[in-house]
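Participant: Have a look at this one.
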Amino acid sequence: MSKADPILRVRDLTARIVTRKETFQAVRGISFDIGAGEAVGFVGESGCGKSVTARALMRLAPEGTAIALDGAVDFHGQDLLRLGEVAMRDIRGRRIAMVFQDPMTSLNPVMSIGAQIDDIVCRHMGLSRREARQRTVELLASVGIPDAAHRADDYPHQFSGGMRQRVLIAVAISCDPELLIADEPTTALDVTVQAQILRLLLRLRDERGMSLMLITHDFGVVAGMVERVNVMYGGEIVEAGPVEQVFHAPGHAYTRALLDAVPRLDSAGQKQ
Amino acid sequence: MMETMRTATGETALLASVRDLSVVFPARRGKPPVTAVDRVSFDIGPGRTLGLVGQSGSGKTTTGRAVLQLQKVHSGSVRLLGEELIGMPSARLRRMRRHMQFVLQNPYSSLHPRMTIAQTLAEPLRVHRSVPANRIRERVAELLELVSMDPAVMQRYPHEFSGGQRQRIVIARALAVNPDFVVCDEPVSALDVRTQAQIVALLQSLQEKLGLSYLFIAHDLAIVREVSHDVAVMFNGRIVEHGSVAQVYDSPGHPYTQMLLDAVPIPDPAIQRQRLRAAPPDLDFARPEEDGSCRFGEDHRRTGTPPFHVGGDGHGVSCRSWPLT
């Protein structure tokens with residue numbers, strides 16, 4: 001859409017994951033752009049490197065590993081791979097935010113939802129406690145938590161999976177990021193809750209004009225959400241293009257195989 | 001419902017027959033008891049698959065466990081091969097277990113990490129004494145071939161296999177004792193889409209080859225449509241709709257079923273964009289019971305009939321949990 005004005009320009013990004021036992025190349029020299037306000041999907045199977053790509057942009061290593069990065073990640077003219085850790089901390093969470101798959105493990109179970117968000121808002125925006133709570137309640141309301149002022153005092157276990165994912169989205173958008181990375185944001189959720197979360201992400205993107213990087217293994221999830229799709233396999237982008245083109249005229253055999261494997265409700269349902 | 005089910009499956013004997021099955025979790029810490037499964041009834045014929053769909057918390061897993069007698073049942077009847085399982089003495093029940101097996105969702109946690117594949121597959125054979133000790137190795141190899149794996153892998157450990165391969169091993173273990181009935185609880189939801197398709201194809205070919213009956217529990221409506229002959233939709237512990245796959249998917253009778261179908265993402269950008277942009281009706285399905293005549297004009301309290309209306313074609317719809325529109 002806004003290819004002329006990318007906020008993120010990734011060139012020849014490689015990521016090697018270093019564990020105690022081995023080193024392997026998870027991302028093998030990929031390049032892509034994300035425009036201002038644009039939504040881009042990354043689709044592929046587990047192990048294809050899509051999550052590592054997302055983490056690489058934030059310079060985060062998967063748990064228990066180290067990550068060695070090469071290439072260039074140009075964000076508003078700054079190369080994130082060559083930025084000092086202090087400057088990077090300023091970008092991570094504030095200008096590029098991330099929502100992970102598992103809403104159960106990403107929250108502190110012994111802290112109320114409100115207190116967790118207050119902390120983040122205080123730290124990132126320098127607000128007082130009282131201002132922070134006001135902001136927290138606004139955020140919770142904006143992601144569709146009913147009766148946000150009271151629910152803010154509840155603990156994570158008092159929220160359903162879908163509500164927890166809303167909370168994490170509230171955390172992610174708390175500093176008005178320019179880019180939101182959502183890594184399998186609906187995989188653990190029921191189909192009706194999934195639809196609600198996808199609608200919420202669409203609405204927030206429209207309202208705030210932020211860019212969205214949506215990572216999923218489910219072609220159905222990206223279909224209605226993004227303008228462009230990158231299909232990943234073996235650490236490489238094997239196909240990239242506008243979403244309609246990738247779905248209706250896939251150029252790569254792997255994309256076709258993935259699309260063919262998607263179970264369909266029925267053939268008539270697609271036509272309606 | 002009983003009568004129509006019989007006509008639906010023809011004159012063939014039923015393999016599994018569940019009537020008014022209820023599971024109640026007792027009161028805990030001042031909270032009232034929870035009826036997780038509420039008077040659920042269904043039949044499964046030989047070589048047939050009943051899909052059980054519903055959101056998490058709807059009671060579908062508990063239903064599967066109760067059918068297998070892995071969960072204490074409050075009331076109702078579960079007949080397998082004509083024998084009543086509820087209240088069956090434990091020694092006899094243990095012998096019946098060879099006819100009913102299960103395949104669970106997570107192939108990572110359902111295999112013992114310190115047991116080789118051969119040990120894993122031999123265990124049920126020993127427990128049920130289904131083959132003599134000197135034939136166990138042969139049977140293990142046979143089982144691996146059945147699920148399209150190389151018997152040479154039998155000395156390896158679970159961590160050496162991918163999720164799809166592990167699920168094949170779990171299926172092989174379930175089939176070790178030649179069961180007639182397998183409860184598959186979300187057997188593919190932890191897998192990638194291409195692996196899902198392979199495991200679904202495997203389950204289907206095994207059904208053809210061995211005449212297995214499945215209770216296929218899943219929240220993914222598209223997969224359930226692919227594997228099932230009949231479908232039951234659960235909400236709040238109850239079956240709200242039941243019928244053939246074509247009946248339920250092509251002409252859903254209950255608004256809850258319709259809502260589930262509307263939420264399934266469709267891999268077509270234009271259609272899916274439109275579906276996401278269309279504001280969903282905020283429906284409240286968890287409505288209290290009403291007295292007097294139901295929406296189909298029947299007073300169930302007076303007539304004593306279950307609040308479930310079955311048409312001449314066997315397509316059943318509950319008159320409960322209809323949201324106000």
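By convention here, the chains of the structure tokens are called A, B, ... in the order presented, each chain's residues are numbered starting at 1, and ligands are numbered starting at 1 in the order presented.
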When you get a sec, could you note down which chain B residues fall within 6 Å of chain A, using only C-alpha atoms, as a list in words?

Facilitator: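 Residues satisfying the distance criterion: Gln55, Asp192, Arg194, Ala197, Ala222, Ile223, Ala263, Pro265, Ile266, Pro267, Asp268, Pro269, Gln272, Arg273 and Leu276 of chain B.
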
Participant: Those same residues - N, CA, C and O atoms - I'd like them written as an mmCIF file, in the first residue's frame.

Facilitator:
```
data_model
loop_
_atom_site.group_PDB
_atom_site.id
_atom_site.type_symbol
_atom_site.label_atom_id
_atom_site.label_comp_id
_atom_site.auth_asym_id
_atom_site.auth_seq_id
_atom_site.Cartn_x
_atom_site.Cartn_y
_atom_site.Cartn_z
ATOM 1 N N GLN B 55 -17.018 -24.548 21.986
ATOM 2 C CA GLN B 55 -15.914 -23.746 22.486
ATOM 3 C C GLN B 55 -15.277 -24.411 23.697
ATOM 4 O O GLN B 55 -15.858 -25.333 24.274
ATOM 5 N N ASP B 192 0.947 -28.450 12.604
ATOM 6 C CA ASP B 192 0.912 -27.564 11.445
ATOM 7 C C ASP B 192 -0.138 -28.027 10.450
ATOM 8 O O ASP B 192 -0.503 -29.200 10.421
ATOM 9 N N ARG B 194 -0.191 -28.668 7.239
ATOM 10 C CA ARG B 194 0.051 -29.797 6.318
ATOM 11 C C ARG B 194 0.101 -31.117 7.077
ATOM 12 O O ARG B 194 -0.335 -32.153 6.604
ATOM 13 N N ALA B 197 -3.374 -32.262 7.843
ATOM 14 C CA ALA B 197 -4.006 -32.929 6.708
ATOM 15 C C ALA B 197 -3.536 -34.381 6.614
ATOM 16 O O ALA B 197 -4.325 -35.287 6.323
ATOM 17 N N ALA B 222 -13.854 -26.743 10.522
ATOM 18 C CA ALA B 222 -13.517 -27.181 9.168
ATOM 19 C C ALA B 222 -12.987 -28.616 9.190
ATOM 20 O O ALA B 222 -13.349 -29.441 8.353
ATOM 21 N N ILE B 223 -12.125 -28.914 10.165
ATOM 22 C CA ILE B 223 -11.579 -30.273 10.268
ATOM 23 C C ILE B 223 -12.676 -31.262 10.607
ATOM 24 O O ILE B 223 -12.743 -32.356 10.038
ATOM 25 N N ALA B 263 -17.734 -17.546 12.471
ATOM 26 C CA ALA B 263 -16.442 -17.110 13.007
ATOM 27 C C ALA B 263 -15.266 -17.834 12.357
ATOM 28 O O ALA B 263 -14.125 -17.435 12.537
ATOM 29 N N PRO B 265 -12.469 -18.542 10.009
ATOM 30 C CA PRO B 265 -11.841 -17.729 8.977
ATOM 31 C C PRO B 265 -11.827 -18.468 7.638
ATOM 32 O O PRO B 265 -11.596 -19.669 7.590
ATOM 33 N N ILE B 266 -12.095 -17.743 6.582
ATOM 34 C CA ILE B 266 -12.126 -18.338 5.250
ATOM 35 C C ILE B 266 -10.915 -17.866 4.466
ATOM 36 O O ILE B 266 -10.641 -16.657 4.419
ATOM 37 N N PRO B 267 -10.150 -18.810 3.912
ATOM 38 C CA PRO B 267 -8.913 -18.417 3.230
ATOM 39 C C PRO B 267 -9.175 -17.773 1.873
ATOM 40 O O PRO B 267 -8.738 -18.259 0.849
ATOM 41 N N ASP B 268 -9.917 -16.694 1.895
ATOM 42 C CA ASP B 268 -10.130 -15.899 0.684
ATOM 43 C C ASP B 268 -10.160 -14.443 1.132
ATOM 44 O O ASP B 268 -11.030 -14.037 1.907
ATOM 45 N N PRO B 269 -9.175 -13.638 0.698
ATOM 46 C CA PRO B 269 -9.023 -12.295 1.267
ATOM 47 C C PRO B 269 -10.281 -11.442 1.188
ATOM 48 O O PRO B 269 -10.665 -10.818 2.179
ATOM 49 N N GLN B 272 -13.059 -12.874 3.545
ATOM 50 C CA GLN B 272 -12.669 -12.811 4.941
ATOM 51 C C GLN B 272 -12.634 -11.369 5.441
ATOM 52 O O GLN B 272 -13.030 -11.090 6.567
ATOM 53 N N ARG B 273 -12.183 -10.450 4.600
ATOM 54 C CA ARG B 273 -12.148 -9.041 4.994
ATOM 55 C C ARG B 273 -13.569 -8.565 5.312
ATOM 56 O O ARG B 273 -13.810 -7.905 6.313
ATOM 57 N N LEU B 276 -14.810 -10.020 8.594
ATOM 58 C CA LEU B 276 -14.235 -9.372 9.779
ATOM 59 C C LEU B 276 -14.810 -7.974 9.974
ATOM 60 O O LEU B 276 -14.986 -7.511 11.094
#
```

Participant: Could you give me, as a ChimeraX atom specification, the residues within 8 Å of Gly163 of chain B, counting only C-alpha atoms and dropping anything in the same chain fewer than 3 positions from it?

Facilitator: /B:107-108,166-167,190-191

Participant: Export all heavy atoms of the chosen residues as a PDB file, in the first residue's frame?

Facilitator:
```pdb
ATOM      1  N   PRO B 107       0.866 -34.416  21.362  1.00  0.00           N
ATOM      2  CA  PRO B 107       1.728 -35.574  21.160  1.00  0.00           C
ATOM      3  C   PRO B 107       3.068 -35.418  21.871  1.00  0.00           C
ATOM      4  O   PRO B 107       3.890 -36.320  21.852  1.00  0.00           O
ATOM      5  CB  PRO B 107       1.902 -35.631  19.639  1.00  0.00           C
ATOM      6  CG  PRO B 107       1.707 -34.246  19.178  1.00  0.00           C
ATOM      7  CD  PRO B 107       0.770 -33.585  20.165  1.00  0.00           C
ATOM      8  N   TYR B 108       3.299 -34.265  22.497  1.00  0.00           N
ATOM      9  CA  TYR B 108       4.547 -34.076  23.217  1.00  0.00           C
ATOM     10  C   TYR B 108       4.446 -34.613  24.638  1.00  0.00           C
ATOM     11  O   TYR B 108       5.409 -35.103  25.192  1.00  0.00           O
ATOM     12  CB  TYR B 108       4.944 -32.595  23.216  1.00  0.00           C
ATOM     13  CG  TYR B 108       5.280 -32.144  21.821  1.00  0.00           C
ATOM     14  CD1 TYR B 108       4.307 -31.639  20.985  1.00  0.00           C
ATOM     15  CD2 TYR B 108       6.560 -32.312  21.315  1.00  0.00           C
ATOM     16  CE1 TYR B 108       4.600 -31.276  19.669  1.00  0.00           C
ATOM     17  CE2 TYR B 108       6.872 -31.960  20.010  1.00  0.00           C
ATOM     18  CZ  TYR B 108       5.882 -31.443  19.207  1.00  0.00           C
ATOM     19  OH  TYR B 108       6.178 -31.104  17.909  1.00  0.00           O
ATOM     20  N   ARG B 166       5.040 -38.146  16.138  1.00  0.00           N
ATOM     21  CA  ARG B 166       4.617 -38.555  17.480  1.00  0.00           C
ATOM     22  C   ARG B 166       3.140 -38.872  17.509  1.00  0.00           C
ATOM     23  O   ARG B 166       2.712 -39.817  18.162  1.00  0.00           O
ATOM     24  CB  ARG B 166       4.869 -37.434  18.479  1.00  0.00           C
ATOM     25  CG  ARG B 166       6.296 -37.329  18.873  1.00  0.00           C
ATOM     26  CD  ARG B 166       6.437 -36.262  19.906  1.00  0.00           C
ATOM     27  NE  ARG B 166       7.659 -35.548  19.665  1.00  0.00           N
ATOM     28  CZ  ARG B 166       8.360 -34.967  20.628  1.00  0.00           C
ATOM     29  NH1 ARG B 166       7.929 -34.988  21.847  1.00  0.00           N
ATOM     30  NH2 ARG B 166       9.465 -34.365  20.340  1.00  0.00           N
ATOM     31  N   GLN B 167       2.346 -38.057  16.790  1.00  0.00           N
ATOM     32  CA  GLN B 167       0.919 -38.323  16.796  1.00  0.00           C
ATOM     33  C   GLN B 167       0.650 -39.655  16.091  1.00  0.00           C
ATOM     34  O   GLN B 167      -0.255 -40.389  16.486  1.00  0.00           O
ATOM     35  CB  GLN B 167       0.150 -37.150  16.160  1.00  0.00           C
ATOM     36  CG  GLN B 167      -1.320 -37.051  16.548  1.00  0.00           C
ATOM     37  CD  GLN B 167      -1.576 -36.921  18.047  1.00  0.00           C
ATOM     38  OE1 GLN B 167      -1.063 -37.692  18.861  1.00  0.00           O
ATOM     39  NE2 GLN B 167      -2.389 -35.958  18.425  1.00  0.00           N
ATOM     40  N   ALA B 190      -2.596 -29.378  17.697  1.00  0.00           N
ATOM     41  CA  ALA B 190      -1.254 -28.887  18.019  1.00  0.00           C
ATOM     42  C   ALA B 190      -0.323 -28.955  16.810  1.00  0.00           C
ATOM     43  O   ALA B 190       0.856 -28.653  16.926  1.00  0.00           O
ATOM     44  CB  ALA B 190      -0.668 -29.693  19.179  1.00  0.00           C
ATOM     45  N   LEU B 191      -0.845 -29.350  15.663  1.00  0.00           N
ATOM     46  CA  LEU B 191       0.030 -29.610  14.516  1.00  0.00           C
ATOM     47  C   LEU B 191      -0.095 -28.535  13.438  1.00  0.00           C
ATOM     48  O   LEU B 191      -1.095 -27.841  13.337  1.00  0.00           O
ATOM     49  CB  LEU B 191      -0.322 -30.976  13.906  1.00  0.00           C
ATOM     50  CG  LEU B 191      -0.297 -32.168  14.874  1.00  0.00           C
ATOM     51  CD1 LEU B 191      -0.816 -33.413  14.180  1.00  0.00           C
ATOM     52  CD2 LEU B 191       1.090 -32.398  15.418  1.00  0.00           C
TER      53      LEU B 191
END
```

Participant: Excluding Val240 of chain B and residues on its chain fewer than 4 positions from it, collect all residues at most 7 Å away from it, counting only C-alpha atoms, and give them as a list in words.

Facilitator: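 Once the nearby chain positions are removed, what remains is Val233, Met234, Phe235, His254, Val317 and Ser318 of chain B.
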
Participant: For Thr105 of chain A, which of A:Arg92, A:Arg130, A:Arg164, A:His124 is the closest residue, counting only C-alpha atoms?

Facilitator: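 Of A:Arg92, A:Arg130, A:Arg164, A:His124, the one nearest Thr105 of chain A, counting only C-alpha atoms, is A:Arg164.
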
Participant: Figure out the distance between atom CA of Glu22 of chain A and atom CA of Ala56 of chain A, please, to one decimal in Å.

Facilitator: 18.5 Å

Participant: To test your reading of the structure, identify every residue in segment 184-248 of chain B that backbone DSSP assigns to strand (DSSP E or B), and report it as a list in words.

Facilitator: Cys184, Asp185, Ser213, Tyr214, Leu215, Phe216, Ile217, Asp230, Val231, Ala232, Val233, Met234, Phe235, Arg238, Ile239, Val240, Glu241, His242, Gly243 and Ser244 of chain B

Participant: Any chance you can output those residues with all heavy atoms as a short mmCIF file (atom, residue, chain, number, x, y, z; two decimals), in the first residue's frame?

Facilitator:
```
data_model
loop_
_atom_site.label_atom_id
_atom_site.label_comp_id
_atom_site.auth_asym_id
_atom_site.auth_seq_id
_atom_site.Cartn_x
_atom_site.Cartn_y
_atom_site.Cartn_z
N CYS B 184 -11.00 -39.39 19.83
CA CYS B 184 -9.89 -38.51 19.43
C CYS B 184 -10.19 -37.13 19.96
O CYS B 184 -11.12 -36.48 19.50
CB CYS B 184 -9.77 -38.45 17.91
SG CYS B 184 -9.61 -40.04 17.11
N ASP B 185 -9.42 -36.69 20.96
CA ASP B 185 -9.68 -35.38 21.57
C ASP B 185 -8.69 -34.36 21.00
O ASP B 185 -7.52 -34.37 21.38
CB ASP B 185 -9.57 -35.48 23.08
CG ASP B 185 -10.07 -34.21 23.77
OD1 ASP B 185 -10.45 -33.26 23.06
OD2 ASP B 185 -10.08 -34.19 25.01
N SER B 213 -14.77 -46.86 14.73
CA SER B 213 -15.69 -45.76 14.98
C SER B 213 -14.95 -44.70 15.78
O SER B 213 -14.16 -45.03 16.66
CB SER B 213 -16.89 -46.24 15.80
OG SER B 213 -17.54 -47.28 15.14
N TYR B 214 -15.21 -43.44 15.46
CA TYR B 214 -14.54 -42.35 16.16
C TYR B 214 -15.54 -41.41 16.82
O TYR B 214 -16.56 -41.08 16.23
CB TYR B 214 -13.72 -41.48 15.20
CG TYR B 214 -12.55 -42.14 14.51
CD1 TYR B 214 -12.40 -42.01 13.13
CD2 TYR B 214 -11.56 -42.82 15.22
CE1 TYR B 214 -11.30 -42.57 12.48
CE2 TYR B 214 -10.48 -43.38 14.57
CZ TYR B 214 -10.34 -43.25 13.20
OH TYR B 214 -9.27 -43.79 12.56
N LEU B 215 -15.18 -40.97 18.02
CA LEU B 215 -15.78 -39.75 18.56
C LEU B 215 -14.69 -38.70 18.39
O LEU B 215 -13.64 -38.78 19.02
CB LEU B 215 -16.17 -39.91 20.03
CG LEU B 215 -16.72 -38.66 20.72
CD1 LEU B 215 -18.00 -38.19 20.05
CD2 LEU B 215 -16.98 -38.91 22.20
N PHE B 216 -14.91 -37.76 17.50
CA PHE B 216 -13.86 -36.82 17.11
C PHE B 216 -14.17 -35.46 17.73
O PHE B 216 -15.08 -34.75 17.31
CB PHE B 216 -13.80 -36.73 15.59
CG PHE B 216 -12.58 -36.04 15.05
CD1 PHE B 216 -11.46 -36.77 14.68
CD2 PHE B 216 -12.55 -34.66 14.94
CE1 PHE B 216 -10.33 -36.13 14.18
CE2 PHE B 216 -11.41 -34.01 14.45
CZ PHE B 216 -10.31 -34.76 14.06
N ILE B 217 -13.41 -35.12 18.77
CA ILE B 217 -13.66 -33.88 19.52
C ILE B 217 -12.72 -32.80 19.01
O ILE B 217 -11.50 -33.02 18.97
CB ILE B 217 -13.43 -34.13 21.02
CG1 ILE B 217 -14.37 -35.22 21.53
CG2 ILE B 217 -13.60 -32.83 21.81
CD1 ILE B 217 -14.03 -35.72 22.91
N ASP B 230 -21.52 -37.51 11.20
CA ASP B 230 -22.51 -36.75 11.96
C ASP B 230 -21.79 -35.76 12.88
O ASP B 230 -20.62 -35.95 13.19
CB ASP B 230 -23.36 -37.69 12.81
CG ASP B 230 -24.11 -38.70 11.96
OD1 ASP B 230 -24.85 -38.28 11.07
OD2 ASP B 230 -23.91 -39.91 12.17
N VAL B 231 -22.50 -34.73 13.29
CA VAL B 231 -21.92 -33.71 14.15
C VAL B 231 -22.86 -33.38 15.29
O VAL B 231 -24.08 -33.30 15.09
CB VAL B 231 -21.67 -32.38 13.38
CG1 VAL B 231 -20.86 -31.44 14.23
CG2 VAL B 231 -20.98 -32.63 12.07
N ALA B 232 -22.30 -33.19 16.48
CA ALA B 232 -23.06 -32.66 17.60
C ALA B 232 -22.37 -31.38 18.05
O ALA B 232 -21.15 -31.33 18.16
CB ALA B 232 -23.12 -33.66 18.75
N VAL B 233 -23.16 -30.33 18.28
CA VAL B 233 -22.61 -29.05 18.70
C VAL B 233 -22.91 -28.88 20.19
O VAL B 233 -24.07 -28.98 20.60
CB VAL B 233 -23.23 -27.88 17.91
CG1 VAL B 233 -22.63 -26.55 18.34
CG2 VAL B 233 -23.06 -28.10 16.42
N MET B 234 -21.88 -28.63 20.99
CA MET B 234 -22.09 -28.49 22.43
C MET B 234 -21.97 -27.05 22.87
O MET B 234 -21.12 -26.31 22.40
CB MET B 234 -21.07 -29.33 23.21
CG MET B 234 -21.54 -30.74 23.46
SD MET B 234 -20.43 -31.61 24.59
CE MET B 234 -21.34 -31.45 26.12
N PHE B 235 -22.83 -26.67 23.79
CA PHE B 235 -22.72 -25.37 24.42
C PHE B 235 -23.14 -25.53 25.88
O PHE B 235 -24.20 -26.12 26.15
CB PHE B 235 -23.62 -24.34 23.72
CG PHE B 235 -23.68 -23.02 24.44
CD1 PHE B 235 -22.59 -22.17 24.41
CD2 PHE B 235 -24.79 -22.67 25.18
CE1 PHE B 235 -22.62 -20.96 25.09
CE2 PHE B 235 -24.83 -21.46 25.87
CZ PHE B 235 -23.75 -20.61 25.82
N ARG B 238 -24.40 -28.89 27.05
CA ARG B 238 -25.52 -29.53 26.36
C ARG B 238 -25.27 -29.63 24.87
O ARG B 238 -24.57 -28.79 24.30
CB ARG B 238 -26.78 -28.68 26.51
CG ARG B 238 -27.35 -28.75 27.87
CD ARG B 238 -28.68 -28.07 27.82
NE ARG B 238 -29.22 -28.02 29.16
CZ ARG B 238 -30.15 -27.17 29.52
NH1 ARG B 238 -30.65 -26.33 28.64
NH2 ARG B 238 -30.59 -27.19 30.75
N ILE B 239 -25.90 -30.60 24.25
CA ILE B 239 -25.88 -30.64 22.80
C ILE B 239 -27.01 -29.72 22.32
O ILE B 239 -28.18 -29.93 22.66
CB ILE B 239 -26.06 -32.07 22.28
CG1 ILE B 239 -24.79 -32.88 22.62
CG2 ILE B 239 -26.31 -32.08 20.78
CD1 ILE B 239 -24.84 -34.32 22.20
N VAL B 240 -26.66 -28.68 21.57
CA VAL B 240 -27.68 -27.76 21.10
C VAL B 240 -28.11 -28.07 19.67
O VAL B 240 -29.15 -27.60 19.21
CB VAL B 240 -27.25 -26.27 21.20
CG1 VAL B 240 -27.07 -25.86 22.65
CG2 VAL B 240 -26.00 -26.01 20.39
N GLU B 241 -27.30 -28.86 18.96
CA GLU B 241 -27.69 -29.26 17.60
C GLU B 241 -26.98 -30.56 17.26
O GLU B 241 -25.85 -30.80 17.68
CB GLU B 241 -27.33 -28.16 16.60
CG GLU B 241 -27.73 -28.52 15.17
CD GLU B 241 -27.96 -27.29 14.29
OE1 GLU B 241 -27.73 -26.16 14.77
OE2 GLU B 241 -28.38 -27.48 13.14
N HIS B 242 -27.68 -31.39 16.49
CA HIS B 242 -27.15 -32.71 16.17
C HIS B 242 -27.73 -33.14 14.83
O HIS B 242 -28.92 -33.01 14.60
CB HIS B 242 -27.57 -33.69 17.28
CG HIS B 242 -27.00 -35.06 17.12
ND1 HIS B 242 -27.06 -36.01 18.10
CD2 HIS B 242 -26.36 -35.66 16.10
CE1 HIS B 242 -26.48 -37.12 17.71
NE2 HIS B 242 -26.06 -36.94 16.48
N GLY B 243 -26.89 -33.61 13.95
CA GLY B 243 -27.40 -34.07 12.66
C GLY B 243 -26.26 -34.52 11.78
O GLY B 243 -25.11 -34.62 12.23
N SER B 244 -26.57 -34.80 10.52
CA SER B 244 -25.51 -35.17 9.59
C SER B 244 -24.67 -33.93 9.32
O SER B 244 -25.11 -32.80 9.56
CB SER B 244 -26.12 -35.69 8.29
OG SER B 244 -26.70 -34.61 7.59
#
```

Participant: Quick one: residues within 9 Å of Leu324 of chain B, only C-alpha atoms, excluding same-chain residues fewer than 4 positions away - as a PyMOL selection string?

Facilitator: chain B and resi 283-285+287

Participant: Would you pick out the contacts of Ala66 of chain A at 9 Å or less, using only C-alpha atoms, so that residues sharing its chain but fewer than 2 positions from it are not included, and give the list as an mmCIF file with all heavy atoms, in the first residue's frame?

Facilitator:
```cif
data_model
loop_
_atom_site.group_PDB
_atom_site.id
_atom_site.type_symbol
_atom_site.label_atom_id
_atom_site.label_comp_id
_atom_site.auth_asym_id
_atom_site.auth_seq_id
_atom_site.Cartn_x
_atom_site.Cartn_y
_atom_site.Cartn_z
ATOM 1 N N ARG A 16 21.192 -16.495 13.417
ATOM 2 C CA ARG A 16 21.663 -17.798 13.862
ATOM 3 C C ARG A 16 21.304 -17.942 15.331
ATOM 4 O O ARG A 16 21.564 -17.043 16.133
ATOM 5 C CB ARG A 16 23.174 -17.938 13.655
ATOM 6 C CG ARG A 16 23.524 -18.407 12.235
ATOM 7 C CD ARG A 16 25.004 -18.415 11.985
ATOM 8 N NE ARG A 16 25.563 -17.081 12.196
ATOM 9 C CZ ARG A 16 26.588 -16.821 12.982
ATOM 10 N NH1 ARG A 16 27.191 -17.803 13.624
ATOM 11 N NH2 ARG A 16 27.025 -15.600 13.127
ATOM 12 N N ILE A 17 20.691 -19.062 15.650
ATOM 13 C CA ILE A 17 20.319 -19.327 17.028
ATOM 14 C C ILE A 17 21.427 -20.177 17.637
ATOM 15 O O ILE A 17 21.808 -21.200 17.083
ATOM 16 C CB ILE A 17 18.991 -20.104 17.095
ATOM 17 C CG1 ILE A 17 17.885 -19.327 16.394
ATOM 18 C CG2 ILE A 17 18.615 -20.406 18.542
ATOM 19 C CD1 ILE A 17 17.425 -18.100 17.102
ATOM 20 N N VAL A 18 21.930 -19.717 18.761
ATOM 21 C CA VAL A 18 23.023 -20.425 19.410
ATOM 22 C C VAL A 18 22.513 -21.031 20.712
ATOM 23 O O VAL A 18 22.100 -20.308 21.619
ATOM 24 C CB VAL A 18 24.199 -19.465 19.702
ATOM 25 C CG1 VAL A 18 25.375 -20.235 20.271
ATOM 26 C CG2 VAL A 18 24.582 -18.708 18.445
ATOM 27 N N THR A 19 22.493 -22.342 20.791
ATOM 28 C CA THR A 19 22.140 -23.006 22.031
ATOM 29 C C THR A 19 23.407 -23.654 22.574
ATOM 30 O O THR A 19 24.454 -23.611 21.934
ATOM 31 C CB THR A 19 21.060 -24.079 21.815
ATOM 32 O OG1 THR A 19 21.639 -25.150 21.079
ATOM 33 C CG2 THR A 19 19.872 -23.530 21.056
ATOM 34 N N LEU A 60 15.653 -9.853 20.169
ATOM 35 C CA LEU A 60 15.366 -10.745 21.293
ATOM 36 C C LEU A 60 15.702 -12.173 20.882
ATOM 37 O O LEU A 60 15.363 -12.590 19.780
ATOM 38 C CB LEU A 60 13.886 -10.678 21.665
ATOM 39 C CG LEU A 60 13.361 -9.353 22.220
ATOM 40 C CD1 LEU A 60 11.846 -9.376 22.297
ATOM 41 C CD2 LEU A 60 13.967 -9.097 23.595
ATOM 42 N N ALA A 61 16.332 -12.922 21.772
ATOM 43 C CA ALA A 61 16.635 -14.321 21.484
ATOM 44 C C ALA A 61 15.534 -15.186 22.074
ATOM 45 O O ALA A 61 14.984 -14.871 23.115
ATOM 46 C CB ALA A 61 17.973 -14.696 22.095
ATOM 47 N N PRO A 62 15.196 -16.277 21.392
ATOM 48 C CA PRO A 62 14.262 -17.229 22.014
ATOM 49 C C PRO A 62 14.833 -17.706 23.345
ATOM 50 O O PRO A 62 16.056 -17.742 23.520
ATOM 51 C CB PRO A 62 14.198 -18.383 21.008
ATOM 52 C CG PRO A 62 14.664 -17.812 19.705
ATOM 53 C CD PRO A 62 15.628 -16.712 20.057
ATOM 54 N N GLU A 63 13.960 -18.058 24.264
ATOM 55 C CA GLU A 63 14.369 -18.379 25.625
ATOM 56 C C GLU A 63 15.478 -19.431 25.670
ATOM 57 O O GLU A 63 15.443 -20.412 24.947
ATOM 58 C CB GLU A 63 13.165 -18.901 26.404
ATOM 59 C CG GLU A 63 13.290 -18.669 27.890
ATOM 60 C CD GLU A 63 11.987 -18.986 28.603
ATOM 61 O OE1 GLU A 63 10.925 -18.637 28.060
ATOM 62 O OE2 GLU A 63 12.066 -19.584 29.668
ATOM 63 N N GLY A 64 16.467 -19.197 26.499
ATOM 64 C CA GLY A 64 17.543 -20.166 26.687
ATOM 65 C C GLY A 64 18.541 -20.214 25.549
ATOM 66 O O GLY A 64 19.347 -21.139 25.452
ATOM 67 N N ALA A 68 22.510 -14.520 16.930
ATOM 68 C CA ALA A 68 23.518 -13.757 16.206
ATOM 69 C C ALA A 68 22.884 -13.251 14.917
ATOM 70 O O ALA A 68 22.373 -14.034 14.131
ATOM 71 C CB ALA A 68 24.722 -14.648 15.894
#
```

Participant: Looking only at the backbone, which of the residues in segment 106-293 of chain B does DSSP tag as helix (DSSP H, G or I), as a PyMOL selection string?

Facilitator: chain B and resi 117-127+133-146+151-155+158-160+163-175+193-210+221-227+245-250+255-263+269-277

Participant: Just want the 10 Å neighbourhood of Ala66 of chain B, counted on only C-alpha atoms, with same-chain residues fewer than 2 positions away dropped. Output as an MDAnalysis selection string.

Facilitator: chainID B and resid 21:23 37 60:64 68:74 78 86

Participant: Distance atom CA of Ser160 of chain A-atom CA of Leu179 of chain A, one decimal place?

Facilitator: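 Separation between atom CA of Ser160 of chain A and atom CA of Leu179 of chain A: 26.3 Å.
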
Participant: Which residues are close to Arg89 of chain A, i.e. within 10 Å by only C-alpha atoms, leaving aside same-chain residues fewer than 5 positions away? Reply as a list in words.

Facilitator: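 Residues near the query, excluding close chain neighbours: Met58, Arg59, Leu83, Gly84, Arg94 and Arg95 of chain A.
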